[in-house]
file start_18.txt (compact mmCIF, C-alpha atoms)
# COMPACT_ATOMS: atom_id res chain seq x y z
CA MET E 1311 109.72 7.54 45.42
CA GLN E 1312 110.04 8.13 49.05
CA GLY E 1313 106.87 9.09 50.86
CA GLY E 1314 107.44 12.80 50.93
CA GLY E 1315 110.49 13.07 53.18
CA ASP E 1316 111.45 16.34 51.56
CA ASP E 1317 110.36 18.53 48.69
CA ALA E 1318 113.27 17.64 46.41
CA PRO E 1319 112.25 16.69 42.88
CA ARG E 1320 112.52 13.08 41.79
CA ALA E 1321 113.48 11.71 38.39
CA HIS E 1322 112.65 8.09 37.64
CA ALA E 1323 111.60 6.18 34.56
CA ALA E 1324 107.96 5.16 34.69
CA SER E 1325 106.85 1.54 34.69
CA LEU E 1326 104.23 0.49 32.16
CA PRO E 1327 100.73 -0.20 33.46
CA CYS E 1328 99.08 -3.53 32.75
CA PHE E 1329 98.40 -3.19 29.02
CA TRP E 1330 100.22 -6.47 28.42
CA ALA E 1331 97.72 -8.49 30.43
CA SER E 1332 94.98 -7.99 27.85
CA LYS E 1333 97.06 -9.51 25.02
CA PRO E 1334 96.77 -13.31 24.45
CA LEU E 1335 99.91 -15.34 23.90
CA GLY E 1336 101.12 -15.18 20.32
CA THR E 1337 99.65 -11.74 19.64
CA ILE E 1338 102.06 -9.36 17.92
CA VAL E 1339 102.19 -6.15 19.93
CA ASP E 1340 103.27 -2.77 18.60
CA THR E 1341 105.43 -1.91 21.61
CA SER E 1342 105.95 1.69 20.56
CA SER E 1343 102.18 2.20 20.48
CA VAL E 1344 101.75 0.48 23.85
CA GLU E 1345 104.41 2.68 25.42
CA VAL E 1346 102.78 5.83 24.07
CA GLN E 1347 99.43 4.72 25.47
CA ALA E 1348 101.03 3.82 28.80
CA ARG E 1349 102.77 7.16 29.22
CA ALA E 1350 99.64 9.05 28.23
CA PHE E 1351 97.71 7.09 30.85
CA GLU E 1352 100.34 7.72 33.51
CA ARG E 1353 100.30 11.48 32.88
CA ARG E 1354 96.51 11.75 32.98
CA LEU E 1355 95.51 13.90 35.95
CA LEU E 1356 93.34 12.09 38.48
CA ASP E 1357 91.40 13.48 41.41
CA ALA E 1358 91.57 11.98 44.91
CA GLU E 1359 89.68 12.84 48.09
CA LEU E 1360 91.39 12.72 51.48
CA THR E 1361 89.40 10.28 53.64
CA LYS E 1362 91.70 9.96 56.67
CA SER E 1363 94.62 11.86 58.21
CA VAL E 1364 96.64 10.40 61.08
CA LEU E 1365 99.52 12.03 62.95
CA LEU E 1366 102.32 9.46 63.17
CA SER E 1367 104.78 11.82 64.87
CA PRO E 1368 104.96 15.59 65.43
CA GLN E 1369 106.26 16.04 61.86
CA THR E 1370 104.81 13.05 60.01
CA LYS E 1371 101.37 12.28 58.61
CA HIS E 1372 99.69 9.14 57.30
CA LEU E 1373 97.13 10.13 54.65
CA GLU E 1374 94.49 7.96 53.01
CA PHE E 1375 92.84 8.88 49.70
CA HIS E 1376 90.06 7.63 47.48
CA VAL E 1377 90.65 8.15 43.78
CA ALA E 1378 87.56 9.49 42.04
CA ALA E 1379 85.86 8.17 38.90
CA ILE E 1380 87.56 4.75 38.80
CA ASP E 1381 86.72 1.42 40.44
CA GLU E 1382 90.32 0.33 41.04
CA PHE E 1383 93.66 2.16 41.08
CA ARG E 1384 96.26 -0.25 39.70
CA PHE E 1385 99.94 0.00 40.53
CA THR E 1386 102.91 -2.16 41.48
CA PRO E 1387 104.05 -2.16 45.13
CA GLY E 1388 106.87 0.36 45.55
CA GLN E 1389 105.67 2.85 42.92
CA PHE E 1390 104.84 6.52 43.46
CA ILE E 1391 102.41 9.20 42.34
CA THR E 1392 103.13 12.84 41.47
CA ILE E 1393 100.88 15.42 43.10
CA LYS E 1394 100.38 18.81 41.46
CA GLN E 1395 99.20 21.97 43.23
CA PRO E 1396 99.46 25.68 42.35
CA LYS E 1397 101.61 27.82 44.63
CA PRO E 1398 100.28 31.17 45.87
CA ASP E 1399 102.15 32.83 43.00
CA GLY E 1400 100.18 30.72 40.53
CA LYS E 1401 103.04 28.47 39.45
CA LEU E 1402 102.18 24.78 39.36
CA HIS E 1403 104.15 22.77 41.88
CA SER E 1404 104.78 19.01 41.47
CA ARG E 1405 106.26 16.51 43.89
CA ALA E 1406 106.48 12.72 43.99
CA TYR E 1407 105.28 10.62 46.92
CA SER E 1408 105.58 6.89 47.36
CA ILE E 1409 102.40 4.91 47.78
CA ALA E 1410 102.51 3.47 51.29
CA SER E 1411 99.79 0.86 50.78
CA PRO E 1412 99.59 -2.36 48.76
CA PRO E 1413 97.36 -2.59 45.68
CA ARG E 1414 93.76 -3.17 46.75
CA ASP E 1415 90.57 -4.15 44.99
CA ASP E 1416 89.39 -0.56 45.11
CA ALA E 1417 90.57 2.96 44.36
CA THR E 1418 92.28 3.75 47.68
CA ILE E 1419 95.92 4.61 48.36
CA ASP E 1420 97.92 5.71 51.40
CA LEU E 1421 100.81 8.17 51.67
CA CYS E 1422 103.33 8.82 54.43
CA LEU E 1423 105.13 12.16 54.46
CA ASN E 1424 106.95 14.70 56.59
CA ARG E 1425 106.52 18.37 57.15
CA ILE E 1426 109.52 20.15 55.66
CA GLU E 1427 110.85 23.55 56.59
CA ASP E 1428 109.99 25.89 53.70
CA GLY E 1429 108.55 22.92 51.78
CA PHE E 1430 105.36 24.03 50.05
CA LEU E 1431 103.66 20.86 48.88
CA SER E 1432 104.47 18.53 51.78
CA ASN E 1433 103.27 21.12 54.29
CA TRP E 1434 100.15 21.81 52.22
CA LEU E 1435 99.33 18.10 52.25
CA CYS E 1436 99.92 17.79 55.99
CA ASP E 1437 97.49 20.67 56.58
CA LEU E 1438 94.66 19.20 54.46
CA SER E 1439 91.36 18.41 56.14
CA VAL E 1440 89.37 15.27 55.46
CA GLY E 1441 87.23 15.86 52.39
CA ALA E 1442 89.85 17.94 50.58
CA HIS E 1443 90.88 16.97 47.05
CA VAL E 1444 94.28 16.62 45.35
CA GLN E 1445 95.29 16.25 41.70
CA PHE E 1446 97.91 13.69 40.73
CA HIS E 1447 99.23 11.48 37.97
CA GLY E 1448 100.81 8.05 38.07
CA PRO E 1449 101.72 5.42 39.01
CA HIS E 1450 105.41 5.79 38.18
CA GLY E 1451 108.69 4.24 39.21
CA LYS E 1452 110.82 1.10 39.07
CA PHE E 1453 111.57 0.63 42.76
CA ILE E 1454 109.59 -2.61 42.72
CA LEU E 1455 110.01 -6.25 43.68
CA ARG E 1456 112.13 -8.27 41.28
CA GLU E 1457 111.43 -11.72 39.91
CA PRO E 1458 112.11 -14.49 40.57
CA ALA E 1459 111.64 -14.10 44.32
CA GLU E 1460 114.69 -14.47 46.55
CA ASP E 1461 115.45 -14.07 50.23
CA SER E 1462 115.56 -10.32 50.76
CA ILE E 1463 116.45 -7.57 53.20
CA PHE E 1464 114.36 -4.40 53.21
CA ILE E 1465 116.27 -1.41 54.56
CA ALA E 1466 114.54 1.90 55.23
CA THR E 1467 114.98 5.06 57.24
CA GLY E 1468 112.38 7.69 58.11
CA THR E 1469 109.52 8.00 55.63
CA GLY E 1470 111.49 5.80 53.27
CA ILE E 1471 109.36 3.15 54.96
CA ALA E 1472 106.44 4.12 52.68
CA PRO E 1473 107.24 2.02 49.58
CA VAL E 1474 108.60 -0.78 51.78
CA ARG E 1475 105.26 -0.95 53.62
CA SER E 1476 103.56 -1.28 50.25
CA MET E 1477 105.85 -4.14 49.23
CA LEU E 1478 105.68 -6.05 52.51
CA GLU E 1479 101.92 -5.79 52.94
CA TRP E 1480 101.54 -7.16 49.41
CA LEU E 1481 104.10 -9.95 49.96
CA PHE E 1482 102.43 -11.12 53.16
CA GLY E 1483 98.90 -10.55 51.94
CA ARG E 1484 98.87 -14.10 50.52
CA PRO E 1485 101.00 -17.08 51.64
CA GLU E 1486 101.99 -18.09 48.11
CA ARG E 1487 103.73 -14.73 47.56
CA ASN E 1488 106.30 -15.26 50.33
CA ARG E 1489 106.40 -19.03 50.75
CA GLY E 1490 109.85 -20.57 50.70
CA HIS E 1491 111.79 -17.35 51.33
CA GLU E 1492 113.10 -15.35 54.27
CA TYR E 1493 112.48 -11.61 54.53
CA SER E 1494 113.88 -9.07 56.96
CA LEU E 1495 113.05 -5.41 57.53
CA VAL E 1496 115.68 -3.18 59.11
CA PHE E 1497 114.02 0.15 59.86
CA GLY E 1498 116.21 2.93 61.20
CA THR E 1499 115.28 6.25 62.72
CA ARG E 1500 116.56 8.56 65.41
CA TYR E 1501 113.88 8.41 68.07
CA GLU E 1502 111.34 5.85 69.27
CA ARG E 1503 108.44 8.17 68.40
CA SER E 1504 109.45 7.93 64.74
CA ILE E 1505 109.13 4.16 64.37
CA TYR E 1506 106.23 4.24 61.91
CA TYR E 1507 103.78 1.33 61.46
CA SER E 1508 105.48 -0.71 64.17
CA ASN E 1509 102.28 -2.53 65.20
CA GLU E 1510 101.70 -3.63 61.62
CA PHE E 1511 105.19 -5.01 61.12
CA GLU E 1512 105.15 -6.71 64.51
CA GLY E 1513 101.85 -8.32 63.51
CA ILE E 1514 103.34 -9.63 60.25
CA ALA E 1515 106.29 -11.05 62.21
CA ARG E 1516 104.00 -12.83 64.70
CA GLN E 1517 101.99 -14.46 61.95
CA ASN E 1518 104.88 -15.28 59.62
CA PRO E 1519 108.03 -16.97 60.97
CA ASN E 1520 109.83 -16.12 57.71
CA PHE E 1521 109.58 -12.36 58.39
CA HIS E 1522 111.98 -10.63 60.78
CA TYR E 1523 111.39 -7.06 61.94
CA ILE E 1524 114.37 -5.09 63.27
CA PRO E 1525 113.77 -1.46 64.27
CA THR E 1526 116.94 0.36 65.29
CA LEU E 1527 117.45 3.80 66.85
CA SER E 1528 120.47 6.05 66.47
CA ARG E 1529 119.50 8.44 69.29
CA CYS E 1530 117.62 6.32 71.77
CA GLY E 1531 117.10 6.85 75.46
CA ASP E 1532 118.11 4.57 78.29
CA THR E 1533 114.68 2.93 78.37
CA TRP E 1534 114.91 1.66 74.77
CA ALA E 1535 115.42 -2.12 74.86
CA GLY E 1536 115.68 -2.70 71.12
CA CYS E 1537 118.50 -2.45 68.60
CA ARG E 1538 120.76 0.59 68.50
CA GLY E 1539 122.91 2.16 65.83
CA TYR E 1540 122.67 2.50 62.08
CA VAL E 1541 120.89 0.12 59.74
CA GLN E 1542 124.17 -1.02 58.14
CA ASP E 1543 125.32 -2.52 61.44
CA HIS E 1544 122.33 -4.87 61.53
CA VAL E 1545 122.37 -5.77 57.85
CA ARG E 1546 125.81 -7.30 58.43
CA ALA E 1547 124.37 -9.57 61.09
CA ILE E 1548 121.46 -10.75 58.92
CA ALA E 1549 123.43 -11.97 55.92
CA PRO E 1550 126.97 -12.95 56.92
CA GLY E 1551 128.66 -14.77 54.09
CA ARG E 1552 125.60 -14.73 51.84
CA LYS E 1553 125.59 -13.45 48.26
CA ASP E 1554 122.32 -15.03 47.10
CA MET E 1555 119.91 -12.38 48.39
CA ARG E 1556 118.43 -9.06 47.35
CA ALA E 1557 118.37 -5.75 49.19
CA TYR E 1558 115.67 -3.13 48.76
CA ILE E 1559 116.87 0.20 50.17
CA CYS E 1560 114.98 3.48 50.57
CA GLY E 1561 116.03 6.60 52.45
CA LEU E 1562 118.34 9.58 52.38
CA HIS E 1563 121.30 9.36 50.01
CA GLN E 1564 123.89 9.09 52.79
CA MET E 1565 122.31 5.91 54.18
CA VAL E 1566 121.58 4.46 50.75
CA ASN E 1567 125.14 5.05 49.51
CA ALA E 1568 126.72 3.73 52.70
CA THR E 1569 124.60 0.56 52.65
CA ARG E 1570 125.27 -0.09 48.95
CA GLU E 1571 129.00 0.37 49.48
CA MET E 1572 128.97 -2.04 52.42
CA LEU E 1573 127.01 -4.69 50.51
CA GLN E 1574 129.22 -4.47 47.44
CA GLN E 1575 132.69 -3.84 48.82
CA GLU E 1576 132.52 -5.55 52.19
CA MET E 1577 130.06 -8.38 51.53
CA GLY E 1578 130.76 -8.97 47.83
CA TRP E 1579 127.24 -8.47 46.50
CA ASP E 1580 126.63 -7.77 42.83
CA ASN E 1581 125.12 -4.41 41.96
CA ARG E 1582 122.12 -6.14 40.38
CA GLN E 1583 121.14 -7.57 43.77
CA ILE E 1584 120.67 -4.08 45.21
CA ILE E 1585 117.49 -2.16 44.36
CA PHE E 1586 117.36 1.33 45.82
CA GLU E 1587 115.65 4.69 45.85
CA ARG E 1588 117.02 7.94 47.26
CA TYR E 1589 114.78 10.86 48.12
CA ASP E 1590 117.15 13.77 48.57

call {"tool": "encode", "arguments": {"input": "start_18.txt", "output": "structure tokens"}}
result
Amino acid sequence: MQGGGDDAPRAHAASLPCFWASKPLGTIVDTSSVEVQARAFERRLLDAELTKSVLLSPQTKHLEFHVAAIDEFRFTPGQFITIKQPKPDGKLHSRAYSIASPPRDDATIDLCLNRIEDGFLSNWLCDLSVGAHVQFHGPHGKFILREPAEDSIFIATGTGIAPVRSMLEWLFGRPERNRGHEYSLVFGTRYERSIYYSNEFEGIARQNPNFHYIPTLSRCGDTWAGCRGYVQDHVRAIAPGRKDMRAYICGLHQMVNATREMLQQEMGWDNRQIIFERYD
């Protein structure tokens, strides 16, 4: 799920949590029972306290939460949670938000989301004060890194950067996770003020010669010295003639569809090489 770019509902199949890890090799597993347990776990409502709120741009917030009553919140980079909150009319409102942080050895998670005109839940979250609590269930989603690892391009626009941040911070958290492969991030937005987490990605690029960070603006001013135009334009330059890579794409449907079409029809990529998530 995208990190709250709008209040449109999302529909994705949930990934199973790590029940498999507790089973030794050779054990016969009742998969139907495991799936029932997994889905019950994923739908269990958890409580989280807001510990930090940072304004990334006039319309965008970075929020940090601590999940109560557990020592560690386990998820796979790229997954999302679903937050539930009653509206003033009493009806329960649910929306999905990508986790913008990598898995940690504790019960903390980050979100990145926009204010939305007439959007109840995103605006409610943006207005929360530190110390406030939210109810959610998860993790959910299959917008996750595929195995075996391959050279990859990450393509995001706006708050679609949230799950990509989760993936990249995990990949470059340990050398063995990214060794032997090249990774690029093409991050597109309209204005320079909306280039989220730029210092973090620049830091990863400085420390890792196999990571290439390419922010691009579609409505930049004369003082902008970086890349210009849409993300598709720069993806072409990264992988000319290559069909042995993966693309992870997150953003509005128009960008996602245009990039998929370019990769498949113009560059000859197979559909299985393209992992994507749309949030509108």

call {"tool": "residues_near_point", "arguments": {"input": "start_18.txt", "point": "(112.4, -19.0, 54.0)", "cutoff": "10 Å", "atoms": "only C-alpha atoms", "output": "PyMOL selection string"}}
result
chain E and resi 1460-1462+1488-1493+1519-1521

call {"tool": "closest_residue", "arguments": {"input": "start_18.txt", "among": "E:Arg1538, E:His1544, E:Arg1414, E:Arg1456", "to": "E:Glu1382", "atoms": "all atoms listed in the file"}}
result
E:Arg1414

call {"tool": "atom_distance", "arguments": {"input": "start_18.txt", "atom1": "atom CA of E:Lys1371", "atom2": "atom CA of E:Thr1569"}}
result
26.7 Å

call {"tool": "atom_distance", "arguments": {"input": "start_18.txt", "atom1": "atom CA of E:Thr1469", "atom2": "atom CA of E:Asp1399"}}
result
28.8 Å

call {"tool": "closest_residue", "arguments": {"input": "start_18.txt", "among": "E:Ile1585, E:Ala1568, E:Ile1524, E:Leu1373", "to": "E:Ala1472", "atoms": "only C-alpha atoms"}}
result
E:Leu1373

call {"tool": "closest_atom_pairs", "arguments": {"input": "start_18.txt", "of": "stretch 1429-1496 of chain E", "to": "stretch 1353-1365 of chain E", "cutoff": "8 Å", "atoms": "only C-alpha atoms", "output": "JSON lines"}}
result
{"residue": "E:Leu1438", "atom": "CA", "partner": "E:Leu1360", "partner_atom": "CA", "distance": 7.8}
{"residue": "E:Ser1439", "atom": "CA", "partner": "E:Leu1360", "partner_atom": "CA", "distance": 7.4}
{"residue": "E:Val1440", "atom": "CA", "partner": "E:Leu1360", "partner_atom": "CA", "distance": 5.1}
{"residue": "E:Gly1441", "atom": "CA", "partner": "E:Leu1360", "partner_atom": "CA", "distance": 5.3}
{"residue": "E:Ala1442", "atom": "CA", "partner": "E:Leu1360", "partner_atom": "CA", "distance": 5.5}
{"residue": "E:His1443", "atom": "CA", "partner": "E:Glu1359", "partner_atom": "CA", "distance": 4.4}
{"residue": "E:Val1444", "atom": "CA", "partner": "E:Ala1358", "partner_atom": "CA", "distance": 5.4}
{"residue": "E:Gln1445", "atom": "CA", "partner": "E:Asp1357", "partner_atom": "CA", "distance": 4.8}
{"residue": "E:Phe1446", "atom": "CA", "partner": "E:Leu1356", "partner_atom": "CA", "distance": 5.3}
{"residue": "E:His1447", "atom": "CA", "partner": "E:Leu1355", "partner_atom": "CA", "distance": 4.9}
{"residue": "E:Gly1448", "atom": "CA", "partner": "E:Arg1353", "partner_atom": "CA", "distance": 6.2}

call {"tool": "residues_around", "arguments": {"input": "start_18.txt", "residues": "E:Asn1567", "least_positions_apart": "4", "cutoff": "12 Å", "atoms": "only C-alpha atoms", "output": "list in words"}}
result
Gln1542, Ile1559, Cys1560, Gly1561, Leu1562, His1563, Glu1571, Met1572, Leu1573, Gln1574, Gln1575, Ile1584, Ile1585, Phe1586, Glu1587, Arg1588, Tyr1589 and Asp1590 of chain E

call {"tool": "axis_aligned_box", "arguments": {"input": "start_18.txt", "around": "stretch 1557-1562 of chain E", "padding_each_side": "8 Å", "output": "lines of an AutoDock Vina configuration file"}}
result
center_x = 116.7
center_y = 1.9
center_z = 50.6
size_x = 19.4
size_y = 31.3
size_z = 19.7

call {"tool": "residues_around", "arguments": {"input": "start_18.txt", "residues": "E:Pro1413", "least_positions_apart": "5", "cutoff": "10 Å", "atoms": "all atoms listed in the file", "output": "ChimeraX atom specification"}}
result
/E:1382-1388,1418-1419,1476-1477,1479-1480

call {"tool": "write_last_selection", "arguments": {"input": "start_18.txt", "atoms": "C-alpha atoms", "output": "PDB file, in the coordinates of the input"}}
result
ATOM      1  CA  GLU E1382      90.320   0.330  41.040  1.00  0.00           C
ATOM      2  CA  PHE E1383      93.660   2.160  41.080  1.00  0.00           C
ATOM      3  CA  ARG E1384      96.260  -0.250  39.700  1.00  0.00           C
ATOM      4  CA  PHE E1385      99.940   0.000  40.530  1.00  0.00           C
ATOM      5  CA  THR E1386     102.910  -2.160  41.480  1.00  0.00           C
ATOM      6  CA  PRO E1387     104.050  -2.160  45.130  1.00  0.00           C
ATOM      7  CA  GLY E1388     106.870   0.360  45.550  1.00  0.00           C
ATOM      8  CA  THR E1418      92.280   3.750  47.680  1.00  0.00           C
ATOM      9  CA  ILE E1419      95.920   4.610  48.360  1.00  0.00           C
ATOM     10  CA  SER E1476     103.560  -1.280  50.250  1.00  0.00           C
ATOM     11  CA  MET E1477     105.850  -4.140  49.230  1.00  0.00           C
ATOM     12  CA  GLU E1479     101.920  -5.790  52.940  1.00  0.00           C
ATOM     13  CA  TRP E1480     101.540  -7.160  49.410  1.00  0.00           C
TER      14      TRP E1480
END

call {"tool": "closest_residue", "arguments": {"input": "start_18.txt", "among": "E:Met1555, E:Val1541, E:Ala1417, E:Ala1547", "to": "E:Pro1525", "atoms": "only C-alpha atoms"}}
result
E:Val1541

call {"tool": "atom_distance", "arguments": {"input": "start_18.txt", "atom1": "atom CA of E:Phe1511", "atom2": "atom CA of E:Asp1420"}}
result
16.2 Å

call {"tool": "residues_around", "arguments": {"input": "start_18.txt", "residues": "E:Asn1433", "least_positions_apart": "3", "cutoff": "12 Å", "atoms": "all atoms listed in the file", "output": "PyMOL selection string"}}
result
chain E and resi 1314-1317+1369-1371+1395+1397+1405+1423-1430+1436-1438

call {"tool": "residues_around", "arguments": {"input": "start_18.txt", "residues": "E:Ile1471", "least_positions_apart": "3", "cutoff": "9 Å", "atoms": "only C-alpha atoms", "output": "list in words"}}
result
Gln1312, Gly1313, Ala1410, Cys1422, Ile1465, Ala1466, Thr1467, Gly1468, Val1474, Arg1475, Ser1476, Phe1497, Tyr1506, Tyr1507, Cys1560 and Gly1561 of chain E

call {"tool": "closest_residue", "arguments": {"input": "start_18.txt", "among": "E:Ser1494, E:Ser1504, E:Thr1392, E:Ser1408", "to": "E:Leu1431", "atoms": "only C-alpha atoms"}}
result
E:Thr1392

call {"tool": "closest_residue", "arguments": {"input": "start_18.txt", "among": "E:Arg1552, E:Pro1398, E:Gly1451, E:Met1565", "to": "E:Ile1463", "atoms": "all atoms listed in the file"}}
result
E:Arg1552

call {"tool": "closest_residue", "arguments": {"input": "start_18.txt", "among": "E:Val1545, E:Leu1455, E:Val1496, E:Leu1435", "to": "E:His1522", "atoms": "all atoms listed in the file"}}
result
E:Val1496

call {"tool": "residues_around", "arguments": {"input": "start_18.txt", "residues": "E:Pro1449", "least_positions_apart": "3", "cutoff": "7 Å", "atoms": "only C-alpha atoms", "output": "list in words"}}
result
Glu1352, Phe1385, Gln1389, Phe1390 and Ile1391 of chain E
